[in-house]
Amino acid sequence: MAEQFQLYDTTLRDGTQQEGMVLTVEDKLAVARRLDDLGVGFIEGGWPGAVPKDTEFFRRARTELDLRNAVLAAFGATRRPGVPASLDPQVRALLEAETPVVTLVAKSHTGHVRNALRTTLAENLAMISGTVRHLVHAGRRVFVDAEHYFDGYQLNREYALAVVRAAAEAGAETVVLCDTNGGSLPDEVRTVVTETLDLTGVPLGIHAHNDSGCAVANTMAAVDAGAVQAQGTAHGYGERCGNADLFTVIANLVLKRGREVIPLEKLRELARTGRAVTELTQVPGSAAAPYIGGSAFTHKAGLHASALRVDPDLYQHTTPEFVGNTMRTLVSDMGGRSSIELKARELGYAVEAGSDEVARAATRVKEMESDGYSFESADASFELLLREELDGGPRPRPFDVESWSVGVSGTGDEVRTEATVRLTVQGRSVTATGHGNGPVNAMDTALHTALDPCFPALSRLELTDYRVRVLSGETGSGAAARVLISYRDGERSWGTVGVDGNTTAASWQALLDAVHYVLLDGPPGRVEDAPPLAAAVPG
């Protein structure tokens, strides 16, 4: 079954209906390459003839898209009522896309046939048969998406089955049952797929939307019932509540069902592929996404950490490295010594269970978090704290701060921000000034100006995000603030935290932590070699 199974991605068509997603042709070509590298079987590129951008995508794909694993598919509708397929311009556009596969959407719900297509039930069957035959005769492989199938099956089972038979008898390779409104539940999907397969014998697929929160579960239920094609989108992108998340479906099929729908070595690329797609689409996936989300293997509670220290499998359903992810421990006042110990080991420090250093670090974290600090998104600040405890006190700093100042002035519509820092670096006083679009930008620039000549490693330090939160207990502009700053340094990324009654001072703390972290001598964070995957896959 693994060799026959069809993994079908529709990110570039159905996924682009996600609110806020606008892809250029270049974006679509780049996403297609990423999905092909992952090993999906089919990539649906769009609707030629109906969407000009999609028509251009298929034109450029012929010369610019060298797919190694996937087969490109064009999506479109059956011919219009009363118009022969050979004369329908939309059908002609599907052929002009020159893709090996054409996927047709067809009505399988009697209400939609009468009210949306405004035609007869018999003519709809003729439209399906005639369009499929025309495309097959032209040398195309044809899949048919039976739209609103599950709702249509409940309304008029015989007609829904007739649609499946008409498509298959005309030459469709697979008929995909669509839960278009996304309201079905897994037991309903399993029953309908089982009955449809028993009554028609036609190879079936599943296309599930997530309006009931069951798109992935419905996809798995359909596959368990005998479906041989699973459709979905990267990160579950799509209209309304989205589609089945193809990344989750892939991991479930490989790790839970033992179906090698992509090569095992490619499964380790799943998280990286997910990140690459979000960078291209600028629509982030959920941090809590199964398998590949940043929080998928993240632990915060002290009870969990204590158990994970003994055996990670006690609170994890699979090994994160199988899908290219890593286990993380969040440092917070909810945790205890076990959380500190796990986090320290995650960062590469060989600490002893129950050591005084771990106990002191845990106490400091609890005290600082009660004062407003948060280390969940500030790994760098935590590591600096940890190193102080491991080293038995404050470490010698590579430079000292003599003073710093920030000034903001305005003339008309022009606002100017200037920061000046005075530091002692390698025994000599250094003064530097920086300008920016705000205090943080100006201070960051001044620090780079002062320190980069002495510490070249800092030149790669890039501030990527800045967040301020007013702490509870006070109100108005005088309230204390917590500042979280995110950075990138080549391949690495991390965060720092600062807290003060003055937002600029809190920002200065976080900026200094970032610089000290880059200059920290010690073991870098590391991930242990991933365990062998094949032995863990069922089957």
# chains A, B, ... in the order shown; residues from 1 in each chain; ligands from 1

$ select_by_dssp --residues "stretch 21-235 of chain A" --states "strand (DSSP E or B)" --output "ChimeraX atom specification"
/A:42-44,71-77,101-107,141-147,174-179,204-209,229-233

$ residues_around --residues "A:Gly274" --least-positions-apart "3" --cutoff "8 Å" --atoms "only C-alpha atoms" --output "JSON, numbers by chain"
{"A": [234, 235, 247, 270, 271, 277, 278, 285, 292]}

$ write_last_selection --atoms "N, CA and C atoms" --output "PDB file, in the first residue's frame"
ATOM      1  N   ALA A 234       0.257  22.633   3.451  1.00  0.00           N
ATOM      2  CA  ALA A 234       1.287  22.947   4.434  1.00  0.00           C
ATOM      3  C   ALA A 234       0.667  23.770   5.557  1.00  0.00           C
ATOM      4  N   HIS A 235       0.935  23.358   6.800  1.00  0.00           N
ATOM      5  CA  HIS A 235       0.445  24.059   7.996  1.00  0.00           C
ATOM      6  C   HIS A 235      -1.081  24.126   8.062  1.00  0.00           C
ATOM      7  N   PHE A 247       1.587  18.230   6.851  1.00  0.00           N
ATOM      8  CA  PHE A 247       2.759  17.847   7.630  1.00  0.00           C
ATOM      9  C   PHE A 247       2.365  16.882   8.754  1.00  0.00           C
ATOM     10  N   LEU A 270      11.068  17.509   7.958  1.00  0.00           N
ATOM     11  CA  LEU A 270       9.702  18.020   8.051  1.00  0.00           C
ATOM     12  C   LEU A 270       9.639  19.399   8.713  1.00  0.00           C
ATOM     13  N   ALA A 271      10.280  19.554   9.865  1.00  0.00           N
ATOM     14  CA  ALA A 271      10.240  20.836  10.568  1.00  0.00           C
ATOM     15  C   ALA A 271      10.935  21.923   9.764  1.00  0.00           C
ATOM     16  N   VAL A 277       8.568  27.098   4.382  1.00  0.00           N
ATOM     17  CA  VAL A 277       7.301  27.494   3.767  1.00  0.00           C
ATOM     18  C   VAL A 277       6.756  28.752   4.427  1.00  0.00           C
ATOM     19  N   THR A 278       6.850  28.845   5.751  1.00  0.00           N
ATOM     20  CA  THR A 278       6.339  30.042   6.420  1.00  0.00           C
ATOM     21  C   THR A 278       7.143  31.270   6.030  1.00  0.00           C
ATOM     22  N   GLY A 285       2.958  29.228  10.767  1.00  0.00           N
ATOM     23  CA  GLY A 285       2.222  28.082  11.274  1.00  0.00           C
ATOM     24  C   GLY A 285       2.056  28.224  12.786  1.00  0.00           C
ATOM     25  N   ILE A 292       5.914  19.501  14.297  1.00  0.00           N
ATOM     26  CA  ILE A 292       6.899  20.473  13.825  1.00  0.00           C
ATOM     27  C   ILE A 292       6.797  21.835  14.490  1.00  0.00           C
TER      28      ILE A 292
END

$ residues_around --residues "stretch 169-175 of chain A" --least-positions-apart "2" --cutoff "7 Å" --atoms "only C-alpha atoms" --output "list in words"
Ser129, Val132, Arg133, Val136, Arg141, Val142, Phe143, Val144, Asp145, Ala146, Val164, Arg165, Ala166, Ala167, Leu177, Pro203, Leu204 and Gly205 of chain A

$ residues_around --residues "A:Val401" --least-positions-apart "5" --cutoff "12 Å" --atoms "only C-alpha atoms" --output "list of chain:residue names"
A:Thr420, A:Val421, A:Arg422, A:Leu423, A:Thr424, A:Val425, A:Arg428, A:Ser429, A:Val430, A:Thr431, A:Ala432, A:Leu447, A:Ala450, A:Leu451, A:Trp508, A:Gln509, A:Leu512, A:His516

$ residues_around --residues "A:Thr504" --least-positions-apart "3" --cutoff "10 Å" --atoms "only C-alpha atoms" --output "PDB file with N, CA and C atoms, in the first residue's frame"
ATOM      1  N   SER A 405      23.356  57.038  27.332  1.00  0.00           N
ATOM      2  CA  SER A 405      22.285  58.033  27.294  1.00  0.00           C
ATOM      3  C   SER A 405      21.580  57.949  25.950  1.00  0.00           C
ATOM      4  N   VAL A 406      20.305  58.350  25.974  1.00  0.00           N
ATOM      5  CA  VAL A 406      19.492  58.354  24.762  1.00  0.00           C
ATOM      6  C   VAL A 406      18.740  59.674  24.711  1.00  0.00           C
ATOM      7  N   PRO A 439      14.763  54.505  20.363  1.00  0.00           N
ATOM      8  CA  PRO A 439      15.832  54.321  21.351  1.00  0.00           C
ATOM      9  C   PRO A 439      16.547  52.978  21.239  1.00  0.00           C
ATOM     10  N   VAL A 440      15.805  51.901  21.036  1.00  0.00           N
ATOM     11  CA  VAL A 440      16.426  50.576  20.991  1.00  0.00           C
ATOM     12  C   VAL A 440      17.338  50.456  19.782  1.00  0.00           C
ATOM     13  N   MET A 443      20.476  52.552  20.440  1.00  0.00           N
ATOM     14  CA  MET A 443      21.392  51.923  21.398  1.00  0.00           C
ATOM     15  C   MET A 443      22.083  50.713  20.775  1.00  0.00           C
ATOM     16  N   ALA A 481       8.030  47.771  33.134  1.00  0.00           N
ATOM     17  CA  ALA A 481       7.897  47.101  31.839  1.00  0.00           C
ATOM     18  C   ALA A 481       8.868  45.930  31.745  1.00  0.00           C
ATOM     19  N   VAL A 483      10.817  43.804  28.826  1.00  0.00           N
ATOM     20  CA  VAL A 483      11.220  43.872  27.421  1.00  0.00           C
ATOM     21  C   VAL A 483      11.819  42.536  27.012  1.00  0.00           C
ATOM     22  N   GLY A 498      14.717  42.023  29.849  1.00  0.00           N
ATOM     23  CA  GLY A 498      15.085  43.072  30.792  1.00  0.00           C
ATOM     24  C   GLY A 498      13.835  43.606  31.471  1.00  0.00           C
ATOM     25  N   VAL A 499      13.934  43.982  32.721  1.00  0.00           N
ATOM     26  CA  VAL A 499      12.791  44.518  33.473  1.00  0.00           C
ATOM     27  C   VAL A 499      13.238  45.761  34.217  1.00  0.00           C
ATOM     28  N   ASP A 500      12.443  46.824  34.120  1.00  0.00           N
ATOM     29  CA  ASP A 500      12.759  48.057  34.831  1.00  0.00           C
ATOM     30  C   ASP A 500      11.524  48.954  34.812  1.00  0.00           C
ATOM     31  N   GLY A 501      11.503  49.909  35.741  1.00  0.00           N
ATOM     32  CA  GLY A 501      10.431  50.887  35.716  1.00  0.00           C
ATOM     33  C   GLY A 501      10.529  51.807  34.518  1.00  0.00           C
ATOM     34  N   SER A 507      15.188  47.847  28.137  1.00  0.00           N
ATOM     35  CA  SER A 507      15.713  47.505  26.811  1.00  0.00           C
ATOM     36  C   SER A 507      17.237  47.432  26.829  1.00  0.00           C
ATOM     37  N   TRP A 508      17.868  48.344  27.545  1.00  0.00           N
ATOM     38  CA  TRP A 508      19.324  48.341  27.653  1.00  0.00           C
ATOM     39  C   TRP A 508      19.813  47.044  28.314  1.00  0.00           C
ATOM     40  N   GLN A 509      19.112  46.592  29.362  1.00  0.00           N
ATOM     41  CA  GLN A 509      19.479  45.312  29.992  1.00  0.00           C
ATOM     42  C   GLN A 509      19.463  44.172  28.976  1.00  0.00           C
ATOM     43  N   ALA A 510      18.367  44.117  28.202  1.00  0.00           N
ATOM     44  CA  ALA A 510      18.225  43.032  27.229  1.00  0.00           C
ATOM     45  C   ALA A 510      19.284  43.113  26.137  1.00  0.00           C
TER      46      ALA A 510
END

$ residues_around --residues "stretch 40-48 of chain A" --least-positions-apart "2" --cutoff "6 Å" --atoms "only C-alpha atoms" --output "NGL selection string"
:A and (7-10 or 12-13 or 36 or 50-51 or 54-55 or 70-76 or 93)

$ write_last_selection --atoms "C-alpha atoms" --output "mmCIF file, in the first residue's frame"
data_model
loop_
_atom_site.group_PDB
_atom_site.id
_atom_site.type_symbol
_atom_site.label_atom_id
_atom_site.label_comp_id
_atom_site.auth_asym_id
_atom_site.auth_seq_id
_atom_site.Cartn_x
_atom_site.Cartn_y
_atom_site.Cartn_z
ATOM 1 C CA LEU A 7 0.217 12.103 -1.115
ATOM 2 C CA TYR A 8 -1.310 15.186 -2.701
ATOM 3 C CA ASP A 9 -0.483 18.777 -1.730
ATOM 4 C CA THR A 10 -2.845 21.640 -2.574
ATOM 5 C CA LEU A 12 -0.617 26.483 -3.961
ATOM 6 C CA ARG A 13 -4.320 26.372 -4.782
ATOM 7 C CA ASP A 36 9.115 18.457 -3.947
ATOM 8 C CA ALA A 50 -9.512 31.180 -13.995
ATOM 9 C CA VAL A 51 -6.624 32.894 -12.169
ATOM 10 C CA ASP A 54 -1.878 30.549 -11.921
ATOM 11 C CA THR A 55 -1.801 30.533 -15.722
ATOM 12 C CA ALA A 70 6.351 15.241 -7.296
ATOM 13 C CA VAL A 71 4.022 15.356 -10.287
ATOM 14 C CA LEU A 72 2.474 18.738 -11.082
ATOM 15 C CA ALA A 73 -1.320 18.960 -11.260
ATOM 16 C CA ALA A 74 -3.605 21.660 -12.660
ATOM 17 C CA PHE A 75 -6.971 22.212 -11.020
ATOM 18 C CA GLY A 76 -10.217 23.157 -12.716
ATOM 19 C CA ALA A 93 -6.888 26.087 -20.296
#

$ closest_residue --among "A:Ala457, A:Ala480, A:Ala116, A:Leu38" --to "A:Thr273" --atoms "only C-alpha atoms"
A:Leu38

$ select_by_dssp --residues "stretch 78-223 of chain A" --states "helix (DSSP H, G or I)" --output "NGL selection string"
:A and (85-87 or 89-96 or 110-115 or 121-137 or 149-155 or 157-169 or 186-200 or 215-223)

$ atom_distance --atom1 "atom CA of A:Ser486" --atom2 "atom CA of A:Gly392"
27.9 Å

$ closest_residue --among "A:Ser403, A:Arg34, A:Phe58, A:Ala77" --to "A:Glu96" --atoms "only C-alpha atoms"
A:Phe58
